[in-house]
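**Student:** Following this line is protein12.txt, made up of compact mmCIF, C-alpha atoms:
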# COMPACT_ATOMS: atom_id res chain seq x y z
CA ILE G 1 -20.18 19.26 -43.37
CA ALA G 2 -18.12 20.04 -40.26
CA THR G 3 -19.95 21.27 -37.16
CA THR G 4 -19.13 22.91 -33.85
CA PHE G 5 -21.34 23.32 -30.82
CA GLU G 6 -19.89 26.73 -29.92
CA ASP G 7 -20.47 29.87 -31.94
CA HIS G 8 -17.62 31.40 -33.94
CA PRO G 9 -16.71 34.19 -31.45
CA THR G 10 -16.33 31.62 -28.67
CA LEU G 11 -14.14 29.44 -30.86
CA LYS G 12 -11.89 32.39 -31.68
CA GLU G 13 -11.37 33.01 -27.95
CA ARG G 14 -10.36 29.41 -27.29
CA TYR G 15 -8.49 28.31 -30.40
CA LYS G 16 -6.09 30.66 -32.12
CA GLU G 17 -5.91 28.30 -35.10
CA ILE G 18 -9.66 28.12 -35.69
CA ASP G 19 -9.86 30.40 -38.73
CA ASP G 20 -7.01 28.52 -40.40
CA SER G 21 -8.80 25.25 -39.71
CA ILE G 22 -12.05 26.59 -41.16
CA LYS G 23 -10.27 27.91 -44.26
CA PHE G 24 -8.59 24.53 -44.78
CA LEU G 25 -11.94 22.76 -44.63
CA GLU G 26 -13.65 25.23 -46.94
CA ASP G 27 -10.76 25.07 -49.40
CA HIS G 28 -11.49 21.34 -49.59
CA PHE G 29 -15.18 21.99 -50.37
CA ALA G 30 -16.52 21.41 -46.86
CA GLU G 31 -19.22 23.51 -45.25
CA VAL G 32 -18.71 24.59 -41.64
CA TYR G 33 -21.71 25.14 -39.36
CA HIS G 34 -21.36 26.68 -35.90
CA GLY G 35 -23.79 26.48 -32.99
CA VAL G 36 -24.99 22.99 -33.87
CA ASP G 37 -26.61 20.87 -31.16
CA CYS G 38 -26.31 17.31 -32.48
CA THR G 39 -29.43 16.25 -30.57
CA ARG G 40 -31.58 18.90 -32.28
CA ILE G 41 -30.56 18.88 -35.93
CA ALA G 42 -34.16 18.09 -36.90
CA VAL G 43 -35.14 21.62 -35.86
CA ASP G 44 -32.01 23.28 -37.29
CA GLU G 45 -32.97 25.06 -40.50
CA ARG G 46 -29.51 24.48 -41.96
CA PHE G 47 -30.23 20.74 -42.15
CA LYS G 48 -33.62 21.13 -43.80
CA GLY G 49 -33.77 19.07 -46.97
CA MET G 50 -30.97 16.72 -45.91
CA GLU G 51 -33.31 14.05 -44.54
CA GLY G 52 -32.23 10.55 -45.50
CA SER G 53 -29.13 11.80 -47.33
CA LEU G 54 -26.16 11.41 -44.97
CA GLY G 55 -23.89 8.48 -45.78
CA ALA G 56 -21.46 8.88 -42.88
CA VAL G 57 -21.42 10.71 -39.55
CA TYR G 58 -18.41 11.06 -37.25
CA TYR G 59 -18.51 12.16 -33.62
CA ASN G 60 -15.14 12.36 -31.88
CA PHE G 61 -15.15 12.14 -28.09
CA PRO G 62 -18.70 13.23 -27.22
CA HIS G 63 -19.23 14.96 -23.89
CA SER G 64 -22.22 16.82 -22.50
CA GLY G 65 -20.08 19.46 -20.76
CA ALA G 66 -18.51 19.55 -17.32
CA ILE G 67 -20.42 20.62 -14.20
CA GLN G 68 -17.92 22.30 -11.89
CA GLY G 69 -17.16 20.22 -8.81
CA PHE G 70 -18.55 16.92 -10.13
CA PHE G 71 -16.64 14.18 -11.89
CA ASP G 72 -18.35 12.85 -15.02
CA GLY G 73 -19.45 9.58 -13.44
CA HIS G 74 -21.25 11.19 -10.50
CA PRO G 75 -24.96 10.24 -10.55
CA ILE G 76 -25.97 13.89 -10.11
CA VAL G 77 -24.59 14.68 -13.57
CA ASN G 78 -24.00 11.40 -15.40
CA TRP G 79 -27.55 11.26 -16.80
CA ARG G 80 -26.60 14.13 -19.12
CA HIS G 81 -24.01 12.00 -20.92
CA GLU G 82 -26.40 9.09 -21.39
CA ASN G 83 -29.09 11.39 -22.79
CA LEU G 84 -26.58 12.93 -25.18
CA MET G 85 -26.08 9.59 -26.89
CA ARG G 86 -29.73 8.59 -26.81
CA LEU G 87 -30.86 11.85 -28.41
CA PHE G 88 -27.93 11.94 -30.85
CA PHE G 89 -28.80 8.58 -32.38
CA ARG G 90 -32.51 9.33 -32.38
CA ALA G 91 -31.86 12.58 -34.26
CA LEU G 92 -29.73 10.75 -36.83
CA ARG G 93 -32.56 8.39 -37.74
CA SER G 94 -34.12 11.12 -39.88
CA PHE G 95 -30.89 12.07 -41.67
CA VAL G 96 -28.74 8.97 -42.19
CA LYS G 97 -29.70 6.93 -45.23
CA PRO G 98 -30.20 3.17 -44.88
CA GLY G 99 -26.80 1.50 -44.87
CA GLY G 100 -25.10 4.73 -43.79
CA PHE G 101 -22.32 4.62 -41.23
CA VAL G 102 -21.90 6.33 -37.87
CA LYS G 103 -18.57 6.28 -36.05
CA VAL G 104 -18.21 7.52 -32.48
CA ALA G 105 -14.79 7.81 -30.85
CA SER G 106 -14.45 7.57 -27.08
CA ASN G 107 -12.07 6.22 -24.48
CA MET G 108 -12.90 2.68 -23.37
CA GLY G 109 -12.56 3.80 -19.75
CA ALA G 110 -14.65 6.98 -20.05
CA VAL G 111 -17.03 7.46 -17.14
CA GLY G 112 -19.00 10.27 -18.79
CA VAL G 113 -20.11 9.03 -22.20
CA ARG G 114 -19.52 5.35 -21.47
CA TYR G 115 -19.18 2.78 -24.22
CA SER G 116 -22.41 1.18 -23.01
CA TYR G 117 -24.26 4.46 -23.61
CA ILE G 118 -22.89 4.67 -27.15
CA VAL G 119 -23.64 1.07 -28.12
CA GLY G 120 -26.96 0.88 -26.27
CA SER G 121 -28.27 4.14 -27.72
CA ALA G 122 -27.27 3.07 -31.22
CA LEU G 123 -28.97 -0.32 -30.97
CA GLU G 124 -32.24 1.06 -29.64
CA ASN G 125 -32.35 3.34 -32.68
CA GLU G 126 -31.58 0.57 -35.20
CA PHE G 127 -27.92 1.34 -35.77
CA LEU G 128 -26.17 -2.04 -35.83
CA HIS G 129 -22.80 -2.30 -34.09
CA ILE G 130 -20.49 -3.67 -36.77
CA GLU G 131 -17.03 -3.25 -35.21
CA THR G 132 -14.88 -1.48 -32.64
CA VAL G 133 -11.35 -0.47 -33.63
CA PRO G 134 -8.52 1.24 -31.71
CA PHE G 135 -8.55 4.96 -32.47
CA LEU G 136 -4.81 5.03 -33.19
CA GLN G 137 -5.32 2.45 -35.96
CA TRP G 138 -8.04 4.51 -37.62
CA HIS G 139 -7.05 6.45 -40.73
CA LEU G 140 -8.44 9.65 -39.13
CA HIS G 141 -6.45 9.25 -35.91
CA ARG G 142 -4.32 12.39 -36.34
CA TYR G 143 -6.58 14.39 -34.10
CA GLY G 144 -5.50 17.01 -31.56
CA ARG G 145 -7.50 16.36 -28.41
CA SER G 146 -8.92 19.20 -26.33
CA TYR G 147 -11.31 19.65 -23.43
CA GLY G 148 -14.00 21.28 -25.54
CA ASP G 149 -14.66 24.07 -23.03
CA LYS G 150 -13.08 27.25 -21.64
CA ARG G 151 -10.10 25.31 -20.28
CA ASP G 152 -8.78 25.14 -23.84
CA VAL G 153 -7.80 28.81 -23.59
CA TYR G 154 -4.90 27.94 -21.28
CA LYS G 155 -4.56 24.15 -21.31
CA ARG G 156 -3.59 23.20 -24.84
CA PRO G 157 0.21 23.36 -24.77
CA ASP G 158 0.76 20.82 -27.55
CA ALA G 159 -1.70 19.18 -29.90
CA LYS G 160 0.89 16.68 -31.14
CA ASN G 161 0.92 13.06 -30.00
CA ASN G 162 -2.23 13.66 -27.98
CA GLN G 163 -0.28 15.68 -25.38
CA SER G 164 -2.95 18.35 -25.15
CA TYR G 165 -5.22 15.91 -23.32
CA ASN G 166 -3.82 13.67 -20.63
CA ALA G 167 -6.91 12.61 -18.69
CA GLN G 168 -7.17 9.34 -20.63
CA ALA G 169 -4.55 7.17 -22.35
CA ALA G 170 -4.61 7.43 -26.13
CA ASP G 171 -4.05 3.69 -26.56
CA ARG G 172 -7.43 3.11 -24.88
CA ASP G 173 -9.33 5.34 -27.30
CA MET G 174 -11.73 3.37 -29.46
CA VAL G 175 -13.90 3.99 -32.52
CA TYR G 176 -17.36 2.40 -32.25
CA CYS G 177 -18.77 1.78 -35.72
CA PHE G 178 -22.43 1.38 -36.66
CA CYS G 179 -24.55 0.84 -39.74
CA PHE G 180 -28.11 2.17 -40.00
CA ALA G 181 -30.55 -0.67 -40.64
CA PRO G 182 -34.09 0.70 -40.24
CA SER G 183 -36.81 -1.92 -39.96
CA GLY G 184 -39.51 0.35 -41.33
CA GLU G 185 -41.43 0.12 -38.09
CA THR G 186 -42.33 3.22 -36.08
CA LEU G 187 -40.28 3.43 -32.92
CA GLY G 188 -41.77 4.61 -29.66
CA LYS G 189 -40.89 7.94 -28.11
CA GLN G 190 -37.22 8.17 -27.19
CA GLN G 191 -36.73 7.45 -23.51
CA VAL G 192 -34.34 9.71 -21.59
CA ARG G 193 -32.81 9.66 -18.14
CA LEU G 194 -34.44 12.28 -15.90
CA PRO G 195 -32.31 14.72 -13.87
CA PRO G 196 -32.19 14.55 -10.07
CA THR G 197 -35.02 16.15 -8.12
CA LEU G 198 -34.54 19.33 -6.12
CA LYS G 199 -34.78 17.23 -2.96
CA THR G 200 -31.92 15.02 -4.16
CA LEU G 201 -29.78 18.04 -5.00
CA LYS G 202 -30.37 19.58 -1.58
CA SER G 203 -29.35 16.33 0.11
CA CYS G 204 -26.09 16.01 -1.86
CA ILE G 205 -23.04 16.13 0.45
CA ASP G 206 -20.14 15.80 -1.98
CA GLY G 207 -18.84 17.52 -5.09
CA PRO G 208 -19.45 21.28 -4.98
CA PHE G 209 -21.83 20.79 -2.03
CA LYS G 210 -19.14 19.31 0.22
CA ASN G 211 -18.33 22.47 2.16
CA LEU G 212 -21.63 24.29 1.77
CA GLN G 213 -24.31 24.77 4.37
CA GLY G 214 -27.55 26.68 4.81
CA MET G 215 -28.51 29.23 2.21
CA ALA G 216 -25.35 28.73 0.13
CA LYS G 217 -26.17 25.04 -0.31
CA GLU G 218 -29.80 25.77 -1.10
CA ASN G 219 -28.87 28.40 -3.68
CA LEU G 220 -26.54 26.01 -5.51
CA ALA G 221 -29.20 23.29 -5.48
CA ASN G 222 -31.73 25.71 -6.98
CA GLN G 223 -29.25 26.86 -9.63
CA LEU G 224 -28.46 23.32 -10.71
CA PHE G 225 -32.11 22.29 -10.66
CA LYS G 226 -32.99 25.19 -12.94
CA ARG G 227 -30.10 24.39 -15.28
CA PHE G 228 -30.99 20.70 -15.44
CA ALA G 229 -34.66 21.51 -16.06
CA THR G 230 -33.58 23.69 -18.97
CA GLU G 231 -31.37 20.96 -20.41
CA ILE G 232 -33.94 18.17 -20.14
CA SER G 233 -36.43 20.44 -21.94
CA GLY G 234 -34.11 20.45 -24.96
CA THR G 235 -31.83 23.46 -24.50
CA HIS G 236 -28.19 22.51 -23.96
CA VAL G 237 -26.29 24.71 -21.50
CA GLY G 238 -22.55 24.41 -22.02
Taking this structure as input, can you express it in the form of structure tokens?
**Tutor:**
Amino acid sequence: IATTFEDHPTLKERYKEIDDSIKFLEDHFAEVYHGVDCTRIAVDERFKGMEGSLGAVYYNFPHSGAIQGFFDGHPIVNWRHENLMRLFFRALRSFVKPGGFVKVASNMGAVGVRYSYIVGSALENEFLHIETVPFLQWHLHRYGRSYGDKRDVYKRPDAKNNQSYNAQAADRDMVYCFCFAPSGETLGKQQVRLPPTLKTLKSCIDGPFKNLQGMAKENLANQLFKRFATEISGTHVG
């Protein structure tokens, strides 16, 4: 099964090769699902009946989506990346069979989905960290990087040799590998990082707030607060 977060019309706008890619996968007996939120597969009807059946799961370069004006490591937005990993591994507990593998690729210097978020979220959900290998040494390394958002419409000049993505060096990309080893005990409710309060947003003086004052600043704070409240309730906005 191959999944995308975006729906098919959005993919067609961003990636001219998407239908060829889908056909290639389907010709090799893969199923392709669009509009999949990896943190909510337990409530996705397409995955009903697959509980405890997945032997391997791959997630290449996870990212919770950019918030315009903020860099990924900014505390106003970084909680979203940590929650992505926490909820991803918690969701997998119901679908990966004991002994199944999960491999997550990310840059070792990433400030969004940091390696500590990946490893920590896996361990707290009983996925043992068995090894970390350089992405370029992995047999699935021939992977054209992209931003994963609307920038891909105009910023993918060459998918060869990782030239379509130059924000991070390819030789620092890693594959974090895990094996599911459930203890049989019931885990407590998954803890998540809460978004900033409205008061915190209104007091922010950098990022997109840097040159805003008065009503403009308050409006942006309210917009972000509403968006973050929606996301923490379980609806991804990307």
**Student:** Pick the closest to Tyr176 of chain G from G:Gly214, G:Gly188, G:Pro134, G:Pro208: which is it, counting all atoms listed in the file?
**Tutor:**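 So, comparing all the options, the nearest one is G:Pro134.
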**Student:** Using only C-alpha atoms, which residue out of G:Glu82, G:Asp20, G:Asp149, G:Glu131 lies closest to Thr4 of chain G?
**Tutor:**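 Under the stated criterion, the closest residue is G:Asp149.
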**Student:** Could you work out how far atom CA of Val32 of chain G lies from atom CA of Ile1 of chain G, giving the answer in Å with one decimal?
**Tutor:**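 Distance reported for this atom pair: 5.8 Å.
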**Student:** Please, what distance in Å, to one decimal, runs between atom CA of Ser64 of chain G and atom CA of Gly112 of chain G?
**Tutor:**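 Between atom CA of Ser64 of chain G and atom CA of Gly112 of chain G the gap is 8.2 Å.
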**Student:** Using atom CA of His81 of chain G and atom CA of Ser116 of chain G as the two end points, give the distance in Å to one decimal.
**Tutor:**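 Computing the Euclidean distance for atom CA of His81 of chain G and atom CA of Ser116 of chain G yields 11.1 Å.
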